[in-house]
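Asker: Sharing run-v3.txt below, compact mmCIF, C-alpha atoms and all ligand atoms:
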```txt
# COMPACT_ATOMS: atom_id res chain seq x y z
CA MET A 274 -40.60 -12.83 -38.91
CA LYS A 275 -39.15 -15.39 -36.51
CA VAL A 276 -40.89 -15.78 -33.16
CA LEU A 277 -39.00 -16.45 -29.92
CA VAL A 278 -40.72 -17.18 -26.61
CA VAL A 279 -39.01 -16.80 -23.24
CA ALA A 280 -40.73 -19.22 -20.89
CA GLN A 281 -40.28 -20.95 -17.55
CA GLY A 282 -42.83 -22.09 -14.98
CA LYS A 283 -41.30 -20.08 -12.16
CA GLY A 284 -41.24 -16.34 -11.63
CA GLY A 285 -38.22 -14.26 -10.74
CA VAL A 286 -35.75 -16.35 -12.73
CA GLY A 287 -34.69 -13.78 -15.31
CA LYS A 288 -37.25 -14.23 -18.11
CA THR A 289 -37.96 -10.55 -18.48
CA ALA A 290 -34.29 -9.56 -18.18
CA SER A 291 -33.45 -12.07 -20.91
CA ALA A 292 -36.31 -11.00 -23.19
CA ALA A 293 -35.35 -7.33 -22.87
CA HIS A 294 -31.68 -7.94 -23.62
CA ILE A 295 -32.39 -10.22 -26.58
CA ALA A 296 -34.64 -7.48 -27.98
CA PHE A 297 -32.06 -4.71 -27.38
CA TYR A 298 -29.33 -6.84 -28.93
CA ALA A 299 -31.42 -7.65 -32.01
CA ARG A 300 -32.25 -3.99 -32.53
CA GLU A 301 -28.57 -3.05 -32.32
CA ALA A 302 -27.87 -5.81 -34.86
CA GLY A 303 -30.10 -3.85 -37.26
CA LEU A 304 -33.25 -5.94 -36.94
CA ARG A 305 -36.83 -4.77 -36.73
CA VAL A 306 -37.94 -6.19 -33.38
CA LEU A 307 -41.48 -6.65 -32.10
CA VAL A 308 -41.76 -7.33 -28.37
CA ILE A 309 -44.93 -8.71 -26.81
CA ASP A 310 -45.42 -8.62 -23.04
CA LEU A 311 -47.71 -11.47 -21.98
CA ASP A 312 -46.97 -11.02 -18.28
CA THR A 313 -47.99 -8.38 -15.78
CA GLY A 314 -46.04 -5.48 -17.20
CA ASP A 315 -42.39 -5.57 -16.05
CA LEU A 316 -41.18 -5.58 -19.63
CA THR A 317 -43.79 -2.97 -20.53
CA ARG A 318 -42.25 -0.64 -17.95
CA THR A 319 -38.70 -1.29 -19.16
CA LEU A 320 -39.62 -0.73 -22.81
CA ALA A 321 -42.28 1.95 -22.21
CA GLU A 322 -40.82 4.35 -24.76
CA TYR A 323 -41.26 1.81 -27.57
CA GLN A 324 -44.98 1.17 -26.97
CA ILE A 325 -47.19 0.98 -30.06
CA ASP A 326 -51.00 1.18 -30.36
CA GLY A 327 -52.96 -1.77 -29.06
CA VAL A 328 -52.54 -4.13 -26.12
CA ALA A 329 -51.36 -7.71 -25.80
CA SER A 330 -54.76 -9.24 -24.89
CA SER A 331 -56.22 -7.96 -28.15
CA LEU A 332 -53.82 -10.19 -30.08
CA PHE A 333 -55.93 -13.11 -28.85
CA THR A 334 -59.30 -11.57 -29.66
CA GLN A 335 -60.87 -10.05 -32.76
CA ALA A 336 -59.45 -6.57 -32.51
CA GLY A 337 -55.76 -7.34 -32.90
CA VAL A 338 -53.06 -4.70 -33.07
CA SER A 339 -52.95 -2.32 -35.98
CA CYS A 340 -50.16 -3.12 -38.37
CA LEU A 341 -47.90 -0.16 -37.78
CA ALA A 342 -45.01 0.22 -40.11
CA ALA A 343 -41.84 -0.36 -38.15
CA LYS A 344 -39.96 2.91 -37.78
CA GLN A 345 -36.55 2.18 -39.16
CA GLU A 346 -33.94 4.87 -39.50
CA ASP A 347 -31.28 4.51 -42.19
CA GLY A 348 -30.96 0.77 -42.04
CA SER A 349 -30.63 0.60 -38.26
CA GLY A 350 -32.89 -1.67 -36.23
CA CYS A 351 -35.99 -0.68 -34.35
CA LEU A 352 -38.06 -1.83 -31.43
CA ALA A 353 -41.84 -1.88 -30.95
CA LEU A 354 -43.62 -3.03 -27.82
CA VAL A 355 -47.12 -4.45 -27.57
CA PRO A 356 -47.76 -3.72 -23.88
CA ALA A 357 -49.28 -6.03 -21.30
CA ASP A 358 -52.80 -5.15 -20.10
CA ASN A 359 -55.19 -6.32 -17.41
CA LEU A 360 -57.44 -8.19 -19.86
CA LEU A 361 -54.68 -10.80 -20.32
CA ALA A 362 -56.07 -12.30 -17.10
CA ASN A 363 -59.42 -12.94 -18.87
CA LEU A 364 -57.82 -15.19 -21.49
CA VAL A 365 -58.43 -18.14 -19.15
CA PHE A 366 -62.02 -18.00 -20.40
CA LEU A 367 -60.97 -18.54 -24.03
CA PRO A 368 -60.63 -22.01 -25.55
CA LEU A 369 -56.95 -22.63 -26.33
CA GLU A 370 -57.68 -23.44 -29.97
CA GLN A 371 -59.41 -20.10 -30.48
CA ALA A 372 -56.72 -18.12 -28.65
CA GLN A 373 -54.05 -19.82 -30.69
CA GLN A 374 -55.74 -19.24 -34.05
CA GLN A 375 -56.39 -15.61 -33.31
CA PHE A 376 -52.85 -15.04 -32.03
CA GLU A 377 -51.43 -16.67 -35.15
CA GLN A 378 -53.55 -14.40 -37.36
CA SER A 379 -52.56 -11.33 -35.36
CA LEU A 380 -48.86 -12.16 -35.70
CA GLY A 381 -49.41 -12.90 -39.38
CA ARG A 382 -50.65 -9.34 -39.88
CA LEU A 383 -47.48 -7.97 -38.25
CA ALA A 384 -45.04 -10.42 -39.81
CA ALA A 385 -44.04 -8.37 -42.84
CA GLU A 386 -43.06 -5.41 -40.65
CA TYR A 387 -40.66 -7.18 -38.32
CA ASP A 388 -37.72 -9.59 -38.48
CA LEU A 389 -37.96 -10.95 -34.94
CA CYS A 390 -40.73 -11.17 -32.38
CA VAL A 391 -39.68 -11.66 -28.74
CA ILE A 392 -42.46 -12.81 -26.40
CA ASP A 393 -42.11 -12.56 -22.62
CA THR A 394 -44.44 -14.86 -20.70
CA ALA A 395 -45.90 -15.23 -17.22
CA PRO A 396 -44.97 -18.04 -14.86
CA GLY A 397 -47.40 -20.95 -14.62
CA LEU A 398 -49.36 -22.61 -17.37
CA GLY A 399 -51.48 -19.89 -18.93
CA ILE A 400 -53.47 -19.87 -22.16
CA ALA A 401 -51.39 -17.00 -23.56
CA LYS A 402 -48.14 -18.87 -23.02
CA ALA A 403 -49.53 -22.08 -24.51
CA ALA A 404 -50.84 -20.20 -27.55
CA ALA A 405 -47.49 -18.44 -27.98
CA LEU A 406 -45.62 -21.76 -27.86
CA HIS A 407 -47.99 -23.18 -30.47
CA VAL A 408 -47.03 -20.52 -33.00
CA ALA A 409 -43.37 -19.86 -32.07
CA ASP A 410 -40.21 -20.89 -33.90
CA ALA A 411 -38.11 -21.15 -30.75
CA VAL A 412 -38.23 -21.07 -26.97
CA ILE A 413 -35.52 -20.41 -24.38
CA SER A 414 -35.91 -21.14 -20.70
CA PRO A 415 -34.00 -19.21 -18.01
CA VAL A 416 -33.52 -21.23 -14.84
CA GLU A 417 -32.07 -20.25 -11.47
CA MET A 418 -29.66 -22.67 -9.87
CA GLU A 419 -31.94 -23.25 -6.90
CA ALA A 420 -33.72 -26.47 -6.01
CA TYR A 421 -37.29 -25.41 -6.91
CA SER A 422 -36.24 -24.02 -10.26
CA ILE A 423 -34.15 -27.06 -11.09
CA GLU A 424 -37.14 -29.29 -10.36
CA GLY A 425 -39.08 -27.05 -12.74
CA ILE A 426 -36.85 -28.12 -15.65
CA LYS A 427 -38.88 -31.31 -16.04
CA GLN A 428 -42.10 -29.33 -16.17
CA THR A 429 -40.57 -26.97 -18.72
CA MET A 430 -39.62 -29.90 -20.94
CA ILE A 431 -43.13 -31.37 -20.67
CA THR A 432 -44.58 -28.00 -21.70
CA VAL A 433 -42.20 -27.78 -24.68
CA LEU A 434 -42.84 -31.37 -25.77
CA ASN A 435 -46.61 -30.85 -25.53
CA ALA A 436 -46.35 -27.70 -27.61
CA ARG A 437 -44.25 -29.54 -30.19
CA GLN A 438 -47.08 -31.99 -30.84
CA LYS A 439 -49.08 -29.10 -32.27
CA ASN A 440 -46.09 -27.11 -33.45
CA PRO A 441 -43.30 -29.41 -34.70
CA LYS A 442 -41.14 -26.48 -35.85
CA LEU A 443 -40.69 -25.28 -32.24
CA SER A 444 -36.99 -25.40 -31.48
CA PHE A 445 -35.72 -25.55 -27.89
CA LEU A 446 -32.78 -23.17 -27.51
CA GLY A 447 -32.02 -24.54 -24.10
CA ILE A 448 -32.03 -24.11 -20.40
CA LEU A 449 -30.33 -20.82 -19.64
CA PRO A 450 -28.64 -20.72 -16.22
CA SER A 451 -29.68 -17.30 -15.03
CA ARG A 452 -29.04 -15.04 -12.01
CA VAL A 453 -26.23 -17.45 -11.12
CA ASP A 454 -24.24 -16.39 -8.08
CA THR A 455 -20.81 -17.63 -9.13
CA ARG A 456 -19.48 -16.92 -5.61
CA SER A 457 -21.95 -19.34 -4.07
CA PRO A 458 -20.47 -22.87 -3.83
CA ARG A 459 -24.03 -24.21 -3.53
CA GLN A 460 -25.18 -22.58 -6.78
CA MET A 461 -22.03 -23.65 -8.61
CA ALA A 462 -22.53 -27.23 -7.39
CA ASN A 463 -26.15 -27.05 -8.59
CA LEU A 464 -24.97 -25.71 -11.96
CA ASN A 465 -22.56 -28.62 -12.35
CA GLN A 466 -25.26 -31.10 -11.39
CA VAL A 467 -27.72 -29.65 -13.88
CA ARG A 468 -25.05 -29.70 -16.60
CA GLU A 469 -24.35 -33.36 -15.90
CA ALA A 470 -28.01 -34.35 -15.78
CA HIS A 471 -29.21 -32.32 -18.77
CA SER A 472 -26.11 -31.66 -20.89
CA ALA A 473 -27.99 -31.90 -24.18
CA LEU A 474 -30.58 -29.37 -23.03
CA MET A 475 -28.27 -26.63 -21.79
CA ALA A 476 -27.70 -23.37 -23.64
CA PRO A 477 -23.92 -22.79 -23.76
CA LEU A 478 -24.22 -19.65 -21.62
CA VAL A 479 -24.39 -18.49 -18.03
CA ILE A 480 -25.97 -15.24 -16.91
CA GLY A 481 -24.44 -14.24 -13.60
CA LEU A 482 -26.22 -12.54 -10.71
CA ARG A 483 -25.17 -8.93 -11.18
CA SER A 484 -26.98 -5.93 -9.75
CA SER A 485 -26.17 -3.88 -12.86
CA VAL A 486 -28.75 -5.95 -14.78
CA ALA A 487 -31.60 -4.79 -12.54
CA GLU A 488 -30.26 -1.24 -12.60
CA ALA A 489 -30.14 -1.15 -16.40
CA LEU A 490 -33.67 -2.52 -16.73
CA ALA A 491 -34.95 0.12 -14.32
CA HIS A 492 -33.42 2.73 -16.65
CA GLY A 493 -34.94 1.10 -19.74
CA MET A 494 -31.58 0.34 -21.29
CA PRO A 495 -29.40 -2.69 -21.95
CA VAL A 496 -26.78 -3.38 -19.29
CA TRP A 497 -23.95 -2.90 -21.80
CA LYS A 498 -24.93 0.78 -22.00
CA LEU A 499 -24.45 1.42 -18.27
CA ARG A 500 -21.28 3.43 -17.77
CA LYS A 501 -19.86 1.41 -14.92
CA THR A 502 -16.98 -0.99 -14.75
CA SER A 503 -19.17 -3.37 -12.76
CA ALA A 504 -21.59 -3.62 -15.71
CA ARG A 505 -18.95 -4.90 -18.13
CA ALA A 506 -19.18 -8.59 -17.32
CA ALA A 507 -22.99 -8.47 -17.32
CA GLY A 508 -22.91 -6.67 -20.67
CA ALA A 509 -20.69 -9.35 -22.17
CA GLU A 510 -22.97 -12.13 -20.90
CA MET A 511 -26.13 -10.48 -22.20
CA ARG A 512 -24.52 -9.81 -25.58
CA ALA A 513 -23.49 -13.46 -25.75
CA LEU A 514 -27.13 -14.37 -25.07
CA GLY A 515 -28.34 -12.10 -27.86
CA SER A 516 -25.80 -13.42 -30.31
CA TYR A 517 -26.60 -17.05 -29.43
CA VAL A 518 -30.34 -16.52 -29.88
CA LEU A 519 -30.03 -14.70 -33.21
CA SER A 520 -27.77 -17.36 -34.66
CA LYS A 521 -30.01 -20.20 -33.44
CA VAL A 522 -33.22 -18.56 -34.61
CA GLY A 523 -31.60 -17.86 -37.95
CA VAL A 524 -32.05 -14.12 -38.35
CA ALA A 525 -29.22 -12.15 -39.89
CA GLN A 526 -26.99 -10.12 -37.56
N1 LIG A 601 -28.64 -11.47 -14.07
C1 LIG A 601 -29.26 -10.80 -13.10
N2 LIG A 601 -28.58 -10.33 -12.03
C2 LIG A 601 -29.20 -9.64 -11.06
N3 LIG A 601 -30.49 -9.36 -11.04
C3 LIG A 601 -31.24 -9.81 -12.07
C4 LIG A 601 -30.67 -10.55 -13.15
N4 LIG A 601 -31.66 -10.86 -14.02
C5 LIG A 601 -32.79 -10.34 -13.51
N5 LIG A 601 -32.55 -9.71 -12.35
C6 LIG A 601 -33.51 -9.07 -11.45
O1 LIG A 601 -34.15 -10.11 -10.74
C7 LIG A 601 -35.55 -9.92 -10.67
C8 LIG A 601 -36.27 -11.04 -11.42
O2 LIG A 601 -35.86 -11.02 -12.79
P1 LIG A 601 -36.91 -11.03 -13.96
O3 LIG A 601 -36.17 -10.94 -15.24
O4 LIG A 601 -37.96 -10.00 -13.72
O5 LIG A 601 -37.52 -12.49 -13.76
P2 LIG A 601 -38.88 -13.13 -14.34
O6 LIG A 601 -39.26 -12.36 -15.54
O7 LIG A 601 -38.53 -14.55 -14.61
O8 LIG A 601 -39.90 -13.01 -13.23
C9 LIG A 601 -35.79 -8.54 -11.26
O9 LIG A 601 -35.78 -7.60 -10.23
C10 LIG A 601 -34.60 -8.33 -12.18
O10 LIG A 601 -34.28 -6.97 -12.36
MG MG A 602 -41.03 -11.37 -15.87
```
So, in terms of structure tokens, how does the structure I just supplied come out?

Answerer:
Amino acid sequence: MKVLVVAQGKGGVGKTASAAHIAFYAREAGLRVLVIDLDTGDLTRTLAEYQIDGVASSLFTQAGVSCLAAKQEDGSGCLALVPADNLLANLVFLPLEQAQQQFEQSLGRLAAEYDLCVIDTAPGLGIAKAAALHVADAVISPVEMEAYSIEGIKQTMITVLNARQKNPKLSFLGILPSRVDTRSPRQMANLNQVREAHSALMAPLVIGLRSSVAEALAHGMPVWKLRKTSARAAGAEMRALGSYVLSKVGVAQ
């Protein structure tokens, strides 16, 4: 099982939208996908129908999540969600080393059942996010083309480099320009500036600001399944994201 973390210090930048679409895409590609919500439950609401027994905080403590066999129908992919819960907030009281070890063991118990694990994280510098980065194979970082978020790129890179000291296999899949308003000259200028300043760090993708994304997530479905002409461009962008991530992480599609 390969482990992908979606992380960025700021909230509201498209982490959850990205995590959900990567997971949907991977399932459609025939993979067995485990999704873990380490934030306050947005992804849990979107993927409510895929919930399995156990809660995310227990992955960091003794109890863990029972190793359910992934339900796979005739070779097609499947999705299983470990939902967020209120006890995630108590992880601040755990030593990082302990949280990390326990999380690694918990994932180890689930590893044979799944091909890909997608982890959505909270903004800020929490224990759960740090532990996830210490065991992950890859991380991708959605960023809005606004000043505060752009300044956050440095912080994101520090977080990734710190995690790499403990976890050298962690691969950075890039800064993902997200919720980009392509009709805003200011955002497009920011995008160009970021590309010039950080060309080696950029994922070769742009996720545009499109209301169909929010609408699809509210319906618990990928945007490419919305029957609307206006959802087509968003669907193509989200599929490109899924395809990019699967090829970089190295899981078959
Ligand atoms: N590409 C997009 N276009 C329009 N709205 C989006 C897009 N991506 C996310 N959203 C919406 O913007 C808000 C923040 O996105 P979200 O993925 O929840 O960010 P984060 O997880 O980083 O806090 C949500 O209401 C979400 O539905
Ligand atoms: Mg979120």

Asker: May I ask which of the residues A:Met511, A:Ala462, A:Ala302, A:Leu354 is the closest one to A:Val486, counting only C-alpha atoms?

Answerer: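 Smallest distance to A:Val486 is found for A:Met511.
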
Asker: Counting only C-alpha atoms and all ligand atoms, what residues are within 7 Å of ligand MG 602 (chain A), given as a list in words?

Answerer: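 Using only C-alpha atoms and all ligand atoms, everything at most 7 Å from ligand MG 602 (chain A) comes to Gly284, Gly285, Gly287, Lys288, Thr289, Asp312, Asp315, Leu316, Asp393, Thr394 and Ala395 of chain A.
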
Asker: For ligand LIG 601 (chain A), list the contacting residues at 10 Å or closer, counting all atoms listed in the file, as number ranges by chain.

Answerer: A: 279-294, 312-316, 319, 393-396, 414-417, 450-454, 479-491, 496, 507-508, 510-511

Asker: So, with all atoms listed in the file as the atoms that count, which of A:Val524, A:Leu449, A:Ala504, A:Met418 lies closest to A:Met461?

Answerer: A:Met418

Asker: For stretch 376-379 of chain A, please output as a PyMOL selection string all residues within 7 Å (counting only C-alpha atoms; exclusion window: fewer than 3 positions along the same chain).

Answerer: chain A and resi 332-333+337+372-373+382-383+408

Asker: For a quick check of understanding, using all atoms listed in the file, which of A:Lys498, A:His407, A:Gln374, A:Val276 has the smallest distance to A:Gln438?

Answerer: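 Smallest separation from A:Gln438 among the options: A:His407.
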
Asker: Point out the residue among A:Leu364, A:Gly381, A:Tyr387, A:Glu419 with the least atom-to-atom distance to A:Val308, counting all atoms listed in the file.

Answerer: A:Tyr387

Asker: Using only C-alpha atoms for the distances, tell me which of A:Ile423, A:Leu406, A:Val518, A:Ile309 is nearest to A:Gln466.

Answerer: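 Of the candidates, the smallest distance to A:Gln466 is held by A:Ile423.
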
Asker: Neighbours of A:Phe297 within 8 Å (all atoms listed in the file; same-chain residues fewer than 6 positions away dropped), as number ranges by chain?

Answerer: A: 352, 494-495

Asker: What is the distance between atom CA of A:Arg512 and atom CA of A:Tyr298, in Å to one decimal?

Answerer: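 Value for the atom CA of A:Arg512-atom CA of A:Tyr298 distance: 6.6 Å.
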
Asker: Between atom CA of A:Leu307 and atom CA of A:Asp388, measure the distance and give it in Å to one decimal.

Answerer: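 According to the coordinates, atom CA of A:Leu307 and atom CA of A:Asp388 are separated by 8.0 Å.
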
Asker: Return the single residue from A:Cys351, A:His492, A:Thr455, A:Tyr421 that is closest to A:Arg300, with distances computed using only C-alpha atoms.

Answerer: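 Residue with the minimum atom-to-atom distance to A:Arg300: A:Cys351.
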
Asker: Please work out which residues fall within 6 Å of (-36.7, -24.6, -29.8), coordinates as given in the file, with only C-alpha atoms counting, and return them as an MDAnalysis selection string.

Answerer: chainID A and resid 411:412 443:446

Asker: Got a sec to check which residues sit within 12 Å of (-47.7, 3.4, -24.3), counting all atoms listed in the file, and write them as a PDB file with C-alpha atoms, keeping the file's coordinate frame?

Answerer:
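File written: selection-v6.pdb
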```pdb
ATOM      1  CA  GLY A 314     -46.040  -5.480 -17.200  1.00  0.00           C
ATOM      2  CA  THR A 317     -43.790  -2.970 -20.530  1.00  0.00           C
ATOM      3  CA  ARG A 318     -42.250  -0.640 -17.950  1.00  0.00           C
ATOM      4  CA  THR A 319     -38.700  -1.290 -19.160  1.00  0.00           C
ATOM      5  CA  LEU A 320     -39.620  -0.730 -22.810  1.00  0.00           C
ATOM      6  CA  ALA A 321     -42.280   1.950 -22.210  1.00  0.00           C
ATOM      7  CA  GLU A 322     -40.820   4.350 -24.760  1.00  0.00           C
ATOM      8  CA  TYR A 323     -41.260   1.810 -27.570  1.00  0.00           C
ATOM      9  CA  GLN A 324     -44.980   1.170 -26.970  1.00  0.00           C
ATOM     10  CA  ILE A 325     -47.190   0.980 -30.060  1.00  0.00           C
ATOM     11  CA  ASP A 326     -51.000   1.180 -30.360  1.00  0.00           C
ATOM     12  CA  GLY A 327     -52.960  -1.770 -29.060  1.00  0.00           C
ATOM     13  CA  VAL A 328     -52.540  -4.130 -26.120  1.00  0.00           C
ATOM     14  CA  ALA A 329     -51.360  -7.710 -25.800  1.00  0.00           C
ATOM     15  CA  ALA A 353     -41.840  -1.880 -30.950  1.00  0.00           C
ATOM     16  CA  LEU A 354     -43.620  -3.030 -27.820  1.00  0.00           C
ATOM     17  CA  VAL A 355     -47.120  -4.450 -27.570  1.00  0.00           C
ATOM     18  CA  PRO A 356     -47.760  -3.720 -23.880  1.00  0.00           C
ATOM     19  CA  ALA A 357     -49.280  -6.030 -21.300  1.00  0.00           C
ATOM     20  CA  ASP A 358     -52.800  -5.150 -20.100  1.00  0.00           C
TER      21      ASP A 358
END
```

Asker: If we count all atoms listed in the file, what is near A:Met475 at a cut-off of 7 Å, once residues fewer than 4 positions away on the same chain are taken out, given as a list in words?

Answerer: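 Residues meeting the cut-off are Gly447, Ile448, Leu449, Arg468 and His471 of chain A.
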
Asker: Those same residues - C-alpha atoms - I'd like them written as a PDB file, keeping the file's coordinate frame.

Answerer:
```pdb
ATOM      1  CA  GLY A 447     -32.020 -24.540 -24.100  1.00  0.00           C
ATOM      2  CA  ILE A 448     -32.030 -24.110 -20.400  1.00  0.00           C
ATOM      3  CA  LEU A 449     -30.330 -20.820 -19.640  1.00  0.00           C
ATOM      4  CA  ARG A 468     -25.050 -29.700 -16.600  1.00  0.00           C
ATOM      5  CA  HIS A 471     -29.210 -32.320 -18.770  1.00  0.00           C
TER       6      HIS A 471
END
```

Asker: Provide the atom CA of A:Ala436 to atom CA of A:Lys402 distance in Å, to one decimal place.

Answerer: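 For atom CA of A:Ala436 relative to atom CA of A:Lys402, the distance reads 10.1 Å.
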
Asker: Write out as a list in words each polymer residue whose atoms come within 10 Å of A:Lys275, counting all atoms listed in the file; drop sequence neighbours fewer than 4 positions from it.

Answerer: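 Everything that qualifies: Val306, Ala384, Tyr387, Asp388, Leu389, Cys390, Val391, Ala409, Asp410, Ala411, Leu519, Val522, Gly523 and Val524 of chain A.
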
Asker: From the structure block, carefully write stretch 289-304 of chain A out with N, CA and C atoms; format it as an mmCIF file, in the first residue's frame.

Answerer:
```
data_model
loop_
_atom_site.group_PDB
_atom_site.id
_atom_site.type_symbol
_atom_site.label_atom_id
_atom_site.label_comp_id
_atom_site.auth_asym_id
_atom_site.auth_seq_id
_atom_site.Cartn_x
_atom_site.Cartn_y
_atom_site.Cartn_z
ATOM 1 N N THR A 289 -9.095 19.107 0.852
ATOM 2 C CA THR A 289 -10.120 18.061 0.921
ATOM 3 C C THR A 289 -10.672 17.738 -0.469
ATOM 4 N N ALA A 290 -10.884 18.774 -1.279
ATOM 5 C CA ALA A 290 -11.374 18.539 -2.648
ATOM 6 C C ALA A 290 -10.374 17.679 -3.422
ATOM 7 N N SER A 291 -9.090 17.955 -3.242
ATOM 8 C CA SER A 291 -8.059 17.177 -3.936
ATOM 9 C C SER A 291 -8.041 15.738 -3.431
ATOM 10 N N ALA A 292 -8.046 15.580 -2.101
ATOM 11 C CA ALA A 292 -7.996 14.234 -1.518
ATOM 12 C C ALA A 292 -9.172 13.396 -2.019
ATOM 13 N N ALA A 293 -10.367 13.995 -2.012
ATOM 14 C CA ALA A 293 -11.563 13.253 -2.434
ATOM 15 C C ALA A 293 -11.438 12.828 -3.896
ATOM 16 N N HIS A 294 -10.992 13.731 -4.744
ATOM 17 C CA HIS A 294 -10.932 13.396 -6.175
ATOM 18 C C HIS A 294 -9.823 12.401 -6.498
ATOM 19 N N ILE A 295 -8.715 12.490 -5.776
ATOM 20 C CA ILE A 295 -7.658 11.488 -5.971
ATOM 21 C C ILE A 295 -8.206 10.102 -5.591
ATOM 22 N N ALA A 296 -8.938 10.070 -4.476
ATOM 23 C CA ALA A 296 -9.497 8.790 -4.015
ATOM 24 C C ALA A 296 -10.525 8.247 -5.012
ATOM 25 N N PHE A 297 -11.432 9.105 -5.476
ATOM 26 C CA PHE A 297 -12.440 8.667 -6.464
ATOM 27 C C PHE A 297 -11.755 8.161 -7.741
ATOM 28 N N TYR A 298 -10.750 8.900 -8.161
ATOM 29 C CA TYR A 298 -10.061 8.534 -9.405
ATOM 30 C C TYR A 298 -9.388 7.161 -9.246
ATOM 31 N N ALA A 299 -8.716 6.980 -8.111
ATOM 32 C CA ALA A 299 -7.994 5.723 -7.880
ATOM 33 C C ALA A 299 -8.967 4.543 -7.837
ATOM 34 N N ARG A 300 -10.126 4.764 -7.207
ATOM 35 C CA ARG A 300 -11.115 3.684 -7.171
ATOM 36 C C ARG A 300 -11.579 3.347 -8.586
ATOM 37 N N GLU A 301 -11.845 4.364 -9.387
ATOM 38 C CA GLU A 301 -12.290 4.109 -10.765
ATOM 39 C C GLU A 301 -11.198 3.429 -11.588
ATOM 40 N N ALA A 302 -9.930 3.653 -11.179
ATOM 41 C CA ALA A 302 -8.817 2.995 -11.878
ATOM 42 C C ALA A 302 -8.663 1.546 -11.416
ATOM 43 N N GLY A 303 -9.565 1.096 -10.524
ATOM 44 C CA GLY A 303 -9.560 -0.305 -10.109
ATOM 45 C C GLY A 303 -8.766 -0.576 -8.846
ATOM 46 N N LEU A 304 -8.374 0.487 -8.145
ATOM 47 C CA LEU A 304 -7.560 0.290 -6.940
ATOM 48 C C LEU A 304 -8.430 0.175 -5.687
#
```
